[in-house]
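S.K.: Please find one structure pasted underneath; my questions will follow.
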Amino acid sequence: MGADAARIENLTVDVTSPESVQAAVGTIVERHGTIDVLVNNAGINVDGPVAELDWDRWRACFDVNVGGVFLMSQAVAEVMKTARRGRIINAASFAAIVPSVGSAAYAASKAAVVQLTRVLASELGPYDVTVNAYAPGMVPTAMNGFAEMPPEAQDRLLDTLSLRRWESADDVADLLIFLASDQAGYITGTLVDVSGGKLATQIPARAYGR
């Protein structure tokens with residue numbers, strides 16, 4: 001890997017602000033000439049029953065999870081259309097496939113990301129730009145606290161997986177590298193489930209004798 005390929009630059013972007021997004025994209029294009037891959041990974045979680053959800057919290061969830069994907073994709077679309085190539089990869093969630101009680105805002109926002117992905121895929125197809133979404137399962141993070149749960153609670157969650165282990169960041173990164181590659185050039189408009197076979201069957205834990 002050469003020095004240029006290894007260089008990492010950090011830009012602070014508010015994905016809910018059109019001005020912030022446009023400024024960041026403009027800076028990148030000015031420095032590098034184009035944008036080849038966009039991974040929309042910014043997201044927040046908002047929990048709570050529908051009857052108790054505050055409107056501002058609901059709106060904030062959509063502003064980041066859906067609005068951020070919209071603004072970032074819109075900003076890079078013209079760059080990629082001019083180059084006639086590109087990859088847009090959007091973070092959805094297993095919650096977009098099977099939601100949980102109390103996850104209405106988060107699940108609905110991630111389902112919206114999936115539909116936005118499909119529309120973008122068709123709109124950008126004529127320019128050889130692919131757009132896909134991915135649905136991680138259970139990656140322990142500070143936001144979800146999976147790894148800090150009591151052992152019995154962890155067991156209940158792990159029992160829903162066909163591959164009965166916590167998902168790692170590398171499990172997700174491997175998929176993103178593939179979707180960004182030339183090998184994925186004919187894959188677009190899809191949601192890739194990278195959840196370890198979560199609820200692939202009704203009781204996957206039976207395969208483990210549980």
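In the structure tokens, chains take the letters A, B, ... in the order shown, each chain's residues start at 1, and ligands count up from 1 in the order shown.
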Show me a table, sorted first by chain and then by increasing residue number, of the residues of region 65-122 of chain A having an atom at most 8 Å from region 136-156 of chain A, each with its shortest atom pair and the distance in Å to one decimal, counting only C-alpha atoms and written as JSON lines.
M.R.:
{"residue": "A:Ala92", "atom": "CA", "partner": "A:Pro136", "partner_atom": "CA", "distance": 7.5}
{"residue": "A:Ser93", "atom": "CA", "partner": "A:Pro136", "partner_atom": "CA", "distance": 5.4}
{"residue": "A:Phe94", "atom": "CA", "partner": "A:Gly137", "partner_atom": "CA", "distance": 5.6}
S.K.: According to DSSP computed on the backbone, where in chain A is there helix (DSSP H, G or I)? Give the residues as a PyMOL selection string.
M.R.: chain A and resi 3-6+18-32+50-52+55-83+94-96+104-127+146-148+151-158+169-180+182-184+204-208
S.K.: Give me, as number ranges by chain, all polymer residues having an atom no more than 12 Å from region 52-57 of chain A, counting only C-alpha atoms and skipping those fewer than 4 positions away in the same chain.
M.R.: A: 44-48, 61-64, 102-106
S.K.: Go ahead and write the selection's residues with C-alpha atoms as a PDB file, in the first residue's frame.
M.R.:
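See result02.pdb below for the written result:
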ATOM      1  CA  ILE A  44     -28.726   7.127  16.515  1.00  0.00           C
ATOM      2  CA  ASN A  45     -31.102   4.928  18.467  1.00  0.00           C
ATOM      3  CA  VAL A  46     -34.345   6.158  20.015  1.00  0.00           C
ATOM      4  CA  ASP A  47     -36.248   3.720  22.237  1.00  0.00           C
ATOM      5  CA  GLY A  48     -39.722   3.900  23.629  1.00  0.00           C
ATOM      6  CA  CYS A  61     -34.055   9.739  14.801  1.00  0.00           C
ATOM      7  CA  PHE A  62     -35.326  10.324  11.258  1.00  0.00           C
ATOM      8  CA  ASP A  63     -33.208  13.444  10.766  1.00  0.00           C
ATOM      9  CA  VAL A  64     -30.005  11.489  11.392  1.00  0.00           C
ATOM     10  CA  GLY A 102     -40.220  -0.243  21.724  1.00  0.00           C
ATOM     11  CA  SER A 103     -38.131   0.335  18.592  1.00  0.00           C
ATOM     12  CA  ALA A 104     -40.723   2.078  16.418  1.00  0.00           C
ATOM     13  CA  ALA A 105     -38.627   5.164  15.640  1.00  0.00           C
ATOM     14  CA  TYR A 106     -35.405   3.289  14.991  1.00  0.00           C
TER      15      TYR A 106
END
S.K.: Here is a test: counting only C-alpha atoms, which residue of A:Gly68, A:Gly125, A:Pro204, A:Pro99 is nearest to Gln22 (chain A)?
M.R.: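 Residue with the minimum atom-to-atom distance to Gln22 (chain A): A:Gly68.
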S.K.: If we count only C-alpha atoms and set the cut-off at 7 Å, which residues sit around region 116-122 of chain A, ignoring sequence neighbours fewer than 4 positions away in its own chain? Please answer as a PyMOL selection string.
M.R.: chain A and resi 112+130-133+188-190
S.K.: Deliver the residues from the most recent selection as a file, using N, CA, C and O atoms, as a short mmCIF file (atom, residue, chain, number, x, y, z; two decimals), in the first residue's frame.
M.R.:
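Everything below was put into out.cif:
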data_model
loop_
_atom_site.label_atom_id
_atom_site.label_comp_id
_atom_site.auth_asym_id
_atom_site.auth_seq_id
_atom_site.Cartn_x
_atom_site.Cartn_y
_atom_site.Cartn_z
N ALA A 112 -37.00 2.90 6.20
CA ALA A 112 -37.00 3.98 5.23
C ALA A 112 -35.67 4.03 4.47
O ALA A 112 -35.65 4.30 3.26
N THR A 130 -23.73 1.98 -8.08
CA THR A 130 -24.54 1.02 -7.36
C THR A 130 -24.87 1.55 -5.97
O THR A 130 -24.09 2.30 -5.37
N VAL A 131 -26.04 1.16 -5.48
CA VAL A 131 -26.49 1.59 -4.15
C VAL A 131 -27.06 0.38 -3.43
O VAL A 131 -28.00 -0.26 -3.92
N ASN A 132 -26.49 0.06 -2.30
CA ASN A 132 -26.93 -1.09 -1.52
C ASN A 132 -27.02 -0.73 -0.05
O ASN A 132 -26.40 0.24 0.42
N ALA A 133 -27.78 -1.52 0.69
CA ALA A 133 -27.88 -1.36 2.14
C ALA A 133 -27.44 -2.66 2.81
O ALA A 133 -27.46 -3.72 2.19
N THR A 188 -26.98 -4.28 -6.93
CA THR A 188 -27.49 -2.95 -6.57
C THR A 188 -28.95 -3.05 -6.15
O THR A 188 -29.68 -3.97 -6.54
N GLY A 189 -29.36 -2.11 -5.31
CA GLY A 189 -30.75 -2.04 -4.87
C GLY A 189 -31.15 -3.12 -3.89
O GLY A 189 -32.33 -3.42 -3.75
N THR A 190 -30.19 -3.67 -3.18
CA THR A 190 -30.51 -4.79 -2.29
C THR A 190 -30.17 -4.48 -0.84
O THR A 190 -29.37 -3.58 -0.56
#
S.K.: Restricting the calculation to only C-alpha atoms, which member of A:Val129, A:Val79, A:Ile8, A:Ala107 is positioned closest to Val66 (chain A)?
M.R.: A:Ala107
S.K.: What is the distance between CA of Ala75 (chain A) and CA of Asp170 (chain A), in Å to one decimal?
M.R.: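 CA of Asp170 (chain A) lies at a distance of 27.9 Å from CA of Ala75 (chain A).
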S.K.: What does the distance between CA of Ala108 (chain A) and CA of Asn65 (chain A) come to in Å, to one decimal place?
M.R.: 9.8 Å
S.K.: Can you tell me which residues surround Ala200 (chain A) at a distance of at most 12 Å, considering only C-alpha atoms, apart from same-chain residues fewer than 6 positions away, and format the answer as a ChimeraX atom specification?
M.R.: /A:94,97-98,137,159-163,193-194
S.K.: List every residue of region 22-65 of chain A that DSSP, applied to the backbone, labels as strand (DSSP E), and write the result as a PDB file with all heavy atoms, in the first residue's frame.
M.R.:
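Final output, result02.pdb:
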ATOM      1  N   VAL A  37     -16.495   6.037  -3.211  1.00  0.00           N
ATOM      2  CA  VAL A  37     -17.333   5.232  -2.318  1.00  0.00           C
ATOM      3  C   VAL A  37     -17.865   6.111  -1.194  1.00  0.00           C
ATOM      4  O   VAL A  37     -17.114   6.884  -0.588  1.00  0.00           O
ATOM      5  CB  VAL A  37     -16.540   4.056  -1.702  1.00  0.00           C
ATOM      6  CG1 VAL A  37     -17.437   3.246  -0.762  1.00  0.00           C
ATOM      7  CG2 VAL A  37     -15.938   3.171  -2.780  1.00  0.00           C
ATOM      8  N   LEU A  38     -19.149   5.985  -0.924  1.00  0.00           N
ATOM      9  CA  LEU A  38     -19.771   6.630   0.233  1.00  0.00           C
ATOM     10  C   LEU A  38     -20.407   5.552   1.094  1.00  0.00           C
ATOM     11  O   LEU A  38     -21.233   4.771   0.609  1.00  0.00           O
ATOM     12  CB  LEU A  38     -20.845   7.624  -0.208  1.00  0.00           C
ATOM     13  CG  LEU A  38     -21.784   8.143   0.902  1.00  0.00           C
ATOM     14  CD1 LEU A  38     -21.020   8.994   1.909  1.00  0.00           C
ATOM     15  CD2 LEU A  38     -22.957   8.917   0.302  1.00  0.00           C
ATOM     16  N   VAL A  39     -20.027   5.497   2.369  1.00  0.00           N
ATOM     17  CA  VAL A  39     -20.684   4.609   3.329  1.00  0.00           C
ATOM     18  C   VAL A  39     -21.448   5.489   4.314  1.00  0.00           C
ATOM     19  O   VAL A  39     -20.849   6.251   5.078  1.00  0.00           O
ATOM     20  CB  VAL A  39     -19.666   3.726   4.084  1.00  0.00           C
ATOM     21  CG1 VAL A  39     -20.391   2.860   5.120  1.00  0.00           C
ATOM     22  CG2 VAL A  39     -18.872   2.857   3.119  1.00  0.00           C
ATOM     23  N   ASN A  40     -22.761   5.414   4.258  1.00  0.00           N
ATOM     24  CA  ASN A  40     -23.614   6.180   5.175  1.00  0.00           C
ATOM     25  C   ASN A  40     -23.816   5.368   6.448  1.00  0.00           C
ATOM     26  O   ASN A  40     -24.656   4.477   6.496  1.00  0.00           O
ATOM     27  CB  ASN A  40     -24.960   6.485   4.507  1.00  0.00           C
ATOM     28  CG  ASN A  40     -24.862   7.602   3.499  1.00  0.00           C
ATOM     29  OD1 ASN A  40     -24.358   8.682   3.804  1.00  0.00           O
ATOM     30  ND2 ASN A  40     -25.329   7.350   2.287  1.00  0.00           N
TER      31      ASN A  40
END
S.K.: Which one is closest to Pro18 (chain A): A:Met72, A:Leu175, A:Ala42, A:Ala135? Count only C-alpha atoms.
M.R.: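 So, comparing all the options, the nearest one is A:Met72.
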S.K.: Figure out the distance between CA of Ala95 (chain A) and CA of Ala169 (chain A), please, to one decimal in Å.
M.R.: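 For CA of Ala169 (chain A) relative to CA of Ala95 (chain A), the distance reads 17.8 Å.
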S.K.: Residues near Ala24 (chain A), anyone? I mean within 12 Å using only C-alpha atoms, not counting same-chain ones fewer than 3 positions away, as a PyMOL selection string.
M.R.: chain A and resi 9-15+17-21+27-31+35+71-72+75-76
